[in-house]
>>> print(open('input_4.pdb').read())   # PDB, C-alpha atoms
ATOM      1  CA  TYR A 208       0.678   0.683  15.083
ATOM      2  CA  ILE A 209      -2.872  -0.662  15.040
ATOM      3  CA  PRO A 210      -3.844  -2.999  17.882
ATOM      4  CA  ARG A 211      -4.591  -6.532  16.751
ATOM      5  CA  PHE A 212      -7.925  -6.732  18.510
ATOM      6  CA  LEU A 213      -9.383  -4.029  16.220
ATOM      7  CA  PHE A 214      -9.186  -6.339  13.200
ATOM      8  CA  GLN A 215      -9.604  -9.673  14.937
ATOM      9  CA  HIS A 216     -13.412  -9.708  14.652
ATOM     10  CA  LEU A 217     -13.151  -8.934  10.918
ATOM     11  CA  ILE A 218     -10.568 -11.599  10.173
ATOM     12  CA  TYR A 219     -11.935 -14.304  12.480
ATOM     13  CA  PRO A 220     -15.729 -14.079  12.611
ATOM     14  CA  SER A 221     -17.058 -17.156  14.392
ATOM     15  CA  ASN A 222     -13.519 -18.539  14.810
ATOM     16  CA  HIS A 223     -13.186 -19.059  11.027
ATOM     17  CA  LEU A 224     -10.692 -17.177   8.913
ATOM     18  CA  ASN A 225     -12.404 -14.607   6.665
ATOM     19  CA  TYR A 226     -10.328 -14.848   3.490
ATOM     20  CA  THR A 227     -12.163 -11.974   1.807
ATOM     21  CA  VAL A 228     -11.064  -9.524   4.482
ATOM     22  CA  VAL A 229      -7.549 -10.968   4.604
ATOM     23  CA  TRP A 230      -7.122 -10.568   0.829
ATOM     24  CA  ALA A 231      -8.545  -7.035   0.962
ATOM     25  CA  LEU A 232      -6.098  -6.075   3.718
ATOM     26  CA  LEU A 233      -3.197  -7.638   1.814
ATOM     27  CA  ASP A 234      -4.177  -5.783  -1.350
ATOM     28  CA  THR A 235      -4.325  -2.483   0.528
ATOM     29  CA  LEU A 236      -0.914  -3.172   2.034
ATOM     30  CA  ARG A 237       0.458  -4.051  -1.419
ATOM     31  CA  GLN A 238      -0.804  -0.759  -2.841
ATOM     32  CA  GLU A 239       0.700   1.253   0.007
ATOM     33  CA  LEU A 240       4.063  -0.492  -0.293
ATOM     34  CA  GLN A 241       4.070  -0.097  -4.058
ATOM     35  CA  ALA A 242       3.463   3.645  -3.673
ATOM     36  CA  LEU A 243       6.475   3.849  -1.362
ATOM     37  CA  VAL A 244       8.886   2.108  -3.718
ATOM     38  CA  GLU A 245       7.622   3.331  -7.103
ATOM     39  CA  HIS A 246       9.693   5.895  -8.869
ATOM     40  CA  PRO A 247       7.909   9.241  -9.024
ATOM     41  CA  ASN A 248       6.530  10.170 -12.420
ATOM     42  CA  GLY A 249       5.661  13.795 -11.674
ATOM     43  CA  THR A 250       1.899  13.316 -11.675
ATOM     44  CA  LYS A 251      -0.463  14.516  -8.981
ATOM     45  CA  THR A 252      -0.890  10.974  -7.635
ATOM     46  CA  ASN A 253       2.833  10.139  -7.730
ATOM     47  CA  PRO A 254       4.741  13.440  -7.467
ATOM     48  CA  ALA A 255       8.467  13.889  -7.107
ATOM     49  CA  ALA A 256       9.772  15.697  -4.038
ATOM     50  CA  THR A 257      12.326  17.588  -6.124
ATOM     51  CA  CYS A 258      13.177  18.116  -9.772
ATOM     52  CA  LYS A 259      16.396  16.170  -9.241
ATOM     53  CA  GLU A 260      14.444  13.162  -7.928
ATOM     54  CA  LEU A 261      12.316  13.204 -11.086
ATOM     55  CA  LEU A 262      15.445  13.536 -13.258
ATOM     56  CA  LEU A 263      17.095  10.563 -11.551
ATOM     57  CA  ALA A 264      13.972   8.411 -11.896
ATOM     58  CA  HIS A 265      13.274   9.387 -15.517
ATOM     59  CA  PRO A 266      16.350  10.844 -17.221
ATOM     60  CA  SER A 267      14.684  10.751 -20.659
ATOM     61  CA  LEU A 268      11.858  13.156 -19.709
ATOM     62  CA  PRO A 269      12.118  16.611 -21.285
ATOM     63  CA  ASP A 270      12.677  19.704 -19.146
ATOM     64  CA  GLY A 271       9.683  21.732 -18.110
TER      65      GLY A 271
END
>>> encode(input="input_4.pdb", output="structure tokens")
Amino acid sequence: YIPRFLFQHLIYPSNHLNYTVVWALLDTLRQELQALVEHPNGTKTNPAATCKELLLAHPSLPDG
């Protein structure tokens, strides 16, 4: 949990909504959520927790 007041000055400078910051925060959130729901592909950036998880996500991949 991040307190609201930490971002308030970034989002509302001079009582006007800063759309650039809002879109950047939304994009970051989108990337984090996408990483949570993507099927693992066995790479360093998107590893599988187990071999079985990788097999279930990509049954056509060869062994090894």
>>> atom_distance(input="input_4.pdb", atom1="atom CA of Thr227 of chain A", atom2="atom CA of Thr252 of chain A")
27.3 Å
>>> atom_distance(input="input_4.pdb", atom1="atom CA of Asn248 of chain A", atom2="atom CA of Gly271 of chain A")
13.3 Å
>>> atom_distance(input="input_4.pdb", atom1="atom CA of His246 of chain A", atom2="atom CA of Leu263 of chain A")
9.2 Å
>>> residues_around(input="input_4.pdb", residues="Pro254 of chain A", least_positions_apart="5", cutoff="12 Å", atoms="only C-alpha atoms", output="PyMOL selection string")
chain A and resi 242-243+245-249+260-261+264
